[in-house]
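Here is the structure we will look at, set down as C-alpha cells.
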Amino acid sequence: MFESGWRELLWSWVTMSAWILVAILIFLFCLAVFYLLYLRRVNRGTAEFWPATVNLEGKIVVITTNGSDIGVEAARQMADRGARIILACSDQGKVHEAKVDALNSTHELQVVWRHLDTSSLASVNAFVDDFVRREARVDILVMTACTGGADTRELTADGLEVTMATNHFGHFLLVNRLIGLLRKNKCGRVIVLAASAHYMLSTITPKNLNFERAKYGGLRAFAQSMLCNIFMSNCLADATAHAGVTVNSFCPGMVSSAPYLRGNNFLARLYSVLLRFVTRSDEEAAKTIVYLAGSDEVANVTGAFFADCAERKMTGLASDMGLARKIWEKGEAMVRLVPVDDPLMAAA
C-alpha cells in the first residue's frame with residue numbers, strides 16, 4: 001500500500017513537472033513571437049519616413065559595397081540627386097546584377113565601378129592609388145561593405161580575421177588614406193556603417209581584435225567590427241572637427257542584404273529564416289545614408305550615431321573616447337598605417 005501511494009505521488013509529480021515544462025515552453029514561444037512582431041513593427045516603421053530634400057548635384061561620392069547591399073541602393077538614390085558615384089566593389093558581376101548599368105541609362109556615367117576588396121590591405125592601397133590619379137577630390141565617403149561572421153575563425157592574406165578585415169580594418173585604412181582629399185573640400189562627409197549588433201557587447205579588448213586570445217564567435221566578430229566602426233567614426237570626427245569634415249556612423253536597421261551571420265550551421269540558418277520576417281527593404285535602409293550625405297540638417301553634426309534619419313544615443317561603451325583611441329592605435333599597427341596618412345597625428 002505504501003509502495004502504491006509512493007508510485008502515485010511520483011507519477012503526480014512527474015505529470016505536474018511535465019505540464020509546467022509545457023507551460024514554460026508555450027510562454028517562451030509566445031514571448032518569441034511577440035518579440036518578432038515587435039521587431040517587425042519597429043524595423044519596418046519607417047515606411048512613411050523620408051529624408052529632407054537633398055541635392056547632391058556635382059558631388060563626387062565613393063561608396064564601398066559588396067555589390068548587392070544598401071550601398072548599391074544608396075548609389076541609385078544619390079545619382080537621382082545629381083551625384084557622381086564611384087562604386088567600390090570586389091565583384092563587378094554583382095554590381096551589374098544589381099542593375100547599376102540600367103541606372104546609367106538614365107544617368108550617363110553617373111555611376112562607375114572600381115575594384116576594391118576591403119578584406120585586403122593591398123586592394124585598399126591599390127584602390128586609393130588609382131583614385132588619386134583619376135580624381136582631384138572626394139566630397140562624400142560612404143563605407144557600407146560588410147560580411148557576416150563566419151562559422152569558424154578565418155584569416156586573410158594579411159593575417160587579419162576576415163569579418164574584422166572586411167567590415168573594419170579595410171575601411172580604417174581607406175578613410176585614413178582619403179582623409180587628405182576630404183579635408184581639401186572643406187565640407188566633406190564620411191558615413192560609416194555601424195549596425196545595431198554592437199549593442200550586444202559589454203566589453204572589448206584592444207589586444208584581442210583579431211580573436212587570437214579568446215574564443216571566436218561569428219556573431220561576436222560581426223558585433224565587434226560594428227563597434228570598432230563607431231570608435232573609428234568618433235576618433236576621426238574628433239580629429240577633423242576644425243577641418244570642415246563631418247564623420248557620423250549609422251545603423252540601417254535589419255536588412256537581409258547585410259546579415260550578421262554567414263555559414264551553414266543551425267544558428268545561421270535559423271537567423272536567416274527569422275530575418276526575412278523582420279527585415280526592411282534596401283530602399284528604406286538607404287534613406288539614412290542619403291540624409292547624412294546631403295541634408296542641411298546635419299551639415300555641422302559630427303561624431304554622432306544615427307538611425308532612421310535621426311540621431312540616437314550611443315551606448316556607454318561606444319562613447320568611451322579613451323577606449324576608442326586605444327582601438328585606433330591598435331588599428332594603426334594592424335593595417336601598417338604610416339604617419340603621413342594618420343589624421344590623429346595631423347590633428348596633434
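Convention: chains lettered A, B, ... in C-alpha cells order; per-chain residue numbering from 1; ligands numbered from 1 as shown.
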
Might you pull out every residue within 12 Å of Glu212 (chain A), with only C-alpha atoms counted and same-chain residues fewer than 3 positions away left off, and present them as a compact mmCIF listing (two decimals) with N, CA, C and O atoms, in the first residue's frame?
```
# COMPACT_ATOMS: atom_id res chain seq x y z
N ARG A 153 36.83 30.86 -37.21
CA ARG A 153 37.76 31.97 -37.43
C ARG A 153 38.56 31.74 -38.72
O ARG A 153 39.18 30.70 -38.90
N GLU A 154 38.51 32.73 -39.61
CA GLU A 154 39.24 32.68 -40.87
C GLU A 154 40.16 33.88 -40.95
O GLU A 154 39.82 34.96 -40.47
N LEU A 155 41.32 33.71 -41.58
CA LEU A 155 42.29 34.79 -41.70
C LEU A 155 42.48 35.19 -43.16
O LEU A 155 42.40 34.36 -44.06
N GLY A 159 46.74 38.24 -42.48
CA GLY A 159 46.71 37.69 -41.14
C GLY A 159 45.63 38.28 -40.26
O GLY A 159 45.67 38.15 -39.03
N LEU A 160 44.63 38.93 -40.87
CA LEU A 160 43.53 39.55 -40.13
C LEU A 160 42.30 38.65 -40.19
O LEU A 160 42.04 38.01 -41.21
N GLU A 161 41.53 38.64 -39.10
CA GLU A 161 40.27 37.89 -39.10
C GLU A 161 39.36 38.48 -40.17
O GLU A 161 39.22 39.71 -40.27
N THR A 205 38.42 44.14 -25.96
CA THR A 205 39.83 44.16 -25.58
C THR A 205 40.68 44.57 -26.77
O THR A 205 40.72 43.85 -27.77
N PRO A 206 41.35 45.71 -26.71
CA PRO A 206 42.17 46.17 -27.84
C PRO A 206 43.20 45.16 -28.30
O PRO A 206 43.52 45.08 -29.49
N LYS A 207 43.73 44.35 -27.38
CA LYS A 207 44.76 43.38 -27.74
C LYS A 207 44.18 42.10 -28.37
O LYS A 207 44.93 41.23 -28.79
N ASN A 208 42.84 42.04 -28.45
CA ASN A 208 42.23 40.82 -28.99
C ASN A 208 41.31 41.11 -30.17
O ASN A 208 40.33 40.40 -30.40
N LEU A 209 41.60 42.14 -30.93
CA LEU A 209 40.76 42.49 -32.08
C LEU A 209 40.77 41.41 -33.15
O LEU A 209 39.83 41.30 -33.95
N LYS A 215 37.93 32.93 -27.33
CA LYS A 215 37.13 32.07 -28.20
C LYS A 215 36.43 32.89 -29.27
O LYS A 215 35.84 33.93 -28.99
N TYR A 216 36.49 32.41 -30.50
CA TYR A 216 35.86 33.11 -31.63
C TYR A 216 34.37 32.76 -31.73
O TYR A 216 33.96 31.62 -31.48
N GLY A 217 33.58 33.73 -32.11
CA GLY A 217 32.17 33.53 -32.39
C GLY A 217 31.76 34.43 -33.54
O GLY A 217 32.13 35.61 -33.56
N ALA A 221 32.11 38.46 -33.68
CA ALA A 221 33.03 39.08 -34.64
C ALA A 221 32.33 40.20 -35.40
O ALA A 221 32.90 41.28 -35.59
```

Legend entry - Non-local contacts of Leu182 (chain A) (7 Å; only C-alpha atoms; under 3 positions in same chain excluded) as a list of chain:residue names: A:Arg137, A:Val138, A:Asp139, A:Leu178, A:Ile179, A:Asn185, A:Gly188, A:Val245

Inset, instruction - List every residue of region 48-234 of chain A that DSSP, applied to the backbone of this structure, assigns to strand (DSSP E), and report them as a list in words. - result: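 The strand (DSSP E) residues within region 48-234 of chain A come out as Ile60, Val61, Val62, Ile63, Thr64, Arg84, Ile85, Ile86, Leu87, Ala88, Cys89, Val111, Val112, Trp113, Arg114, His115, Ile140, Leu141, Val142, Met143, Arg189, Val190, Ile191, Val192 and Leu193 of chain A.
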
Legend entry - Residue nearest Gly331 (chain A) - candidates A:Cys309, A:Ala237, A:Ile191, A:Met164, atoms counted: only C-alpha atoms: A:Met164

Inset, instruction - Counting only C-alpha atoms, figure out which residue out of A:His242, A:Val112, A:Phe127, A:Gly58 gets nearest to Lys186 (chain A). - result: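 Looking at the shortest contact to Lys186 (chain A), the residue is A:His242.
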
Just want the 8 Å neighbourhood of Asp117 (chain A), counted on only C-alpha atoms, with same-chain residues fewer than 2 positions away dropped. Output as an mmCIF file with C-alpha atoms, in the first residue's frame.
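selection-v3.cif, freshly written:
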```cif
data_model
loop_
_atom_site.group_PDB
_atom_site.id
_atom_site.type_symbol
_atom_site.label_atom_id
_atom_site.label_comp_id
_atom_site.auth_asym_id
_atom_site.auth_seq_id
_atom_site.Cartn_x
_atom_site.Cartn_y
_atom_site.Cartn_z
ATOM 1 C CA CYS A 89 33.352 46.586 -55.000
ATOM 2 C CA SER A 90 35.403 43.423 -55.462
ATOM 3 C CA HIS A 115 37.715 47.315 -57.875
ATOM 4 C CA SER A 119 39.319 42.465 -46.721
ATOM 5 C CA SER A 120 42.674 43.034 -48.470
ATOM 6 C CA SER A 123 43.485 46.083 -52.595
ATOM 7 C CA VAL A 124 42.641 49.132 -50.469
ATOM 8 C CA THR A 166 36.191 43.335 -44.361
#
```

Inset, instruction - Between CA of Val14 (chain A) and CA of Leu28 (chain A), measure the distance and give it in Å to one decimal. - result: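 So the two atoms, CA of Val14 (chain A) and CA of Leu28 (chain A), lie 20.9 Å apart.
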
Legend entry - For Leu56 (chain A), the nearest of the candidates A:Ser225, A:Ser68, A:Ser295, A:Thr246, counting only C-alpha atoms: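 Nearest candidate to Leu56 (chain A) out of A:Ser225, A:Ser68, A:Ser295, A:Thr246: A:Ser295.
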
Inset, instruction - Determine, counting only C-alpha atoms, which protein, DNA and RNA residues have an atom within 7 Å of an atom of Ala286 (chain A); residues of the same chain fewer than 6 positions away are not included. Present the result as a ChimeraX atom specification. - result: /A:70,73-74,252

Inset, instruction - Give the answer as one residue: which of A:Leu87, A:Cys187, A:Ala150, A:Ile289 has the shortest atom-to-atom distance to Gly253 (chain A), using only C-alpha atoms? - result: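 Answer, going by the shortest atom-to-atom distance: A:Ile289.
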
Inset, instruction - To one decimal in Å, tell me the separation between CA of Cys251 (chain A) and CA of Gly322 (chain A). - result: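 Taking CA of Cys251 (chain A) as the start and CA of Gly322 (chain A) as the end point, the length is 22.8 Å.
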
Inset, instruction - Please run DSSP on the backbone and report, as a ChimeraX atom specification, all residues within region 105-304 of chain A that come out as alpha helix (DSSP H). - result: /A:105-106,121-134,162-164,170-185,218-239,266-278,282-285,287-294

Please write the residues from the selection above to a file, keeping C-alpha atoms, as an mmCIF file, in the first residue's frame.
```
data_model
loop_
_atom_site.group_PDB
_atom_site.id
_atom_site.type_symbol
_atom_site.label_atom_id
_atom_site.label_comp_id
_atom_site.auth_asym_id
_atom_site.auth_seq_id
_atom_site.Cartn_x
_atom_site.Cartn_y
_atom_site.Cartn_z
ATOM 1 C CA SER A 105 20.974 54.534 -68.967
ATOM 2 C CA THR A 106 19.235 57.500 -67.343
ATOM 3 C CA LEU A 121 45.007 45.847 -47.426
ATOM 4 C CA ALA A 122 46.794 45.603 -50.784
ATOM 5 C CA SER A 123 43.485 46.083 -52.595
ATOM 6 C CA VAL A 124 42.641 49.132 -50.469
ATOM 7 C CA ASN A 125 46.024 50.706 -51.176
ATOM 8 C CA ALA A 126 45.712 49.957 -54.909
ATOM 9 C CA PHE A 127 42.228 51.497 -54.979
ATOM 10 C CA VAL A 128 43.423 54.695 -53.301
ATOM 11 C CA ASP A 129 46.487 54.979 -55.544
ATOM 12 C CA ASP A 130 44.256 54.648 -58.619
ATOM 13 C CA PHE A 131 41.655 57.041 -57.203
ATOM 14 C CA VAL A 132 44.079 59.895 -56.521
ATOM 15 C CA ARG A 133 45.432 59.577 -60.068
ATOM 16 C CA ARG A 134 41.945 59.927 -61.520
ATOM 17 C CA VAL A 162 38.020 38.068 -42.176
ATOM 18 C CA THR A 163 34.997 39.748 -40.577
ATOM 19 C CA MET A 164 37.087 42.424 -38.895
ATOM 20 C CA GLY A 170 39.835 47.816 -44.688
ATOM 21 C CA HIS A 171 37.650 50.865 -44.107
ATOM 22 C CA PHE A 172 40.017 52.132 -41.417
ATOM 23 C CA LEU A 173 42.874 52.158 -43.929
ATOM 24 C CA LEU A 174 40.667 53.561 -46.698
ATOM 25 C CA VAL A 175 39.399 56.590 -44.791
ATOM 26 C CA ASN A 176 42.854 57.352 -43.421
ATOM 27 C CA ARG A 177 44.329 57.381 -46.913
ATOM 28 C CA LEU A 178 41.494 59.510 -48.354
ATOM 29 C CA ILE A 179 41.215 61.966 -45.478
ATOM 30 C CA GLY A 180 43.554 64.416 -47.193
ATOM 31 C CA LEU A 181 41.208 64.735 -50.186
ATOM 32 C CA LEU A 182 38.202 65.083 -47.888
ATOM 33 C CA ARG A 183 39.942 67.862 -45.955
ATOM 34 C CA LYS A 184 40.699 69.791 -49.153
ATOM 35 C CA ASN A 185 36.981 70.007 -49.826
ATOM 36 C CA GLY A 218 30.666 34.686 -35.692
ATOM 37 C CA LEU A 219 28.072 36.979 -34.124
ATOM 38 C CA ARG A 220 30.622 38.469 -31.756
ATOM 39 C CA ALA A 221 33.032 39.075 -34.640
ATOM 40 C CA PHE A 222 30.344 40.975 -36.540
ATOM 41 C CA ALA A 223 29.280 42.942 -33.456
ATOM 42 C CA GLN A 224 32.899 43.805 -32.654
ATOM 43 C CA SER A 225 33.522 45.062 -36.193
ATOM 44 C CA MET A 226 30.487 47.360 -35.898
ATOM 45 C CA LEU A 227 31.618 48.688 -32.513
ATOM 46 C CA CYS A 228 35.094 49.348 -33.909
ATOM 47 C CA ASN A 229 33.480 51.302 -36.746
ATOM 48 C CA ILE A 230 31.796 53.577 -34.194
ATOM 49 C CA PHE A 231 35.112 54.038 -32.394
ATOM 50 C CA MET A 232 36.735 54.894 -35.735
ATOM 51 C CA SER A 233 33.970 57.353 -36.574
ATOM 52 C CA ASN A 234 34.198 59.080 -33.188
ATOM 53 C CA CYS A 235 38.008 59.379 -33.266
ATOM 54 C CA LEU A 236 38.013 60.678 -36.825
ATOM 55 C CA ALA A 237 35.252 63.177 -36.013
ATOM 56 C CA ASP A 238 37.312 64.470 -33.108
ATOM 57 C CA ALA A 239 40.452 64.760 -35.245
ATOM 58 C CA PHE A 266 21.892 25.777 -37.382
ATOM 59 C CA LEU A 267 22.139 29.224 -35.790
ATOM 60 C CA ALA A 268 22.980 30.915 -39.104
ATOM 61 C CA ARG A 269 20.130 29.132 -40.887
ATOM 62 C CA LEU A 270 17.618 29.954 -38.145
ATOM 63 C CA TYR A 271 18.775 33.566 -38.158
ATOM 64 C CA SER A 272 18.375 33.723 -41.949
ATOM 65 C CA VAL A 273 14.790 32.436 -41.737
ATOM 66 C CA LEU A 274 13.786 34.799 -38.934
ATOM 67 C CA LEU A 275 15.499 37.733 -40.632
ATOM 68 C CA ARG A 276 13.144 37.524 -43.612
ATOM 69 C CA PHE A 277 10.214 38.129 -41.282
ATOM 70 C CA VAL A 278 11.501 41.372 -39.789
ATOM 71 C CA ASP A 282 17.263 48.233 -49.035
ATOM 72 C CA GLU A 283 15.374 51.281 -50.294
ATOM 73 C CA GLU A 284 14.277 52.163 -46.758
ATOM 74 C CA ALA A 285 17.625 51.248 -45.238
ATOM 75 C CA LYS A 287 17.420 56.641 -46.574
ATOM 76 C CA THR A 288 19.687 57.457 -43.659
ATOM 77 C CA ILE A 289 22.746 57.346 -45.929
ATOM 78 C CA VAL A 290 21.187 59.888 -48.306
ATOM 79 C CA TYR A 291 20.126 62.030 -45.356
ATOM 80 C CA LEU A 292 23.625 62.087 -43.871
ATOM 81 C CA ALA A 293 25.187 62.673 -47.295
ATOM 82 C CA GLY A 294 23.336 65.839 -48.165
#
```

Inset, instruction - Determine the nearest neighbour of Gly82 (chain A) from the options A:Leu193, A:Val54, A:Val255, A:Ala310, counting only C-alpha atoms. - result: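 Result for the nearest residue to Gly82 (chain A): A:Val54.
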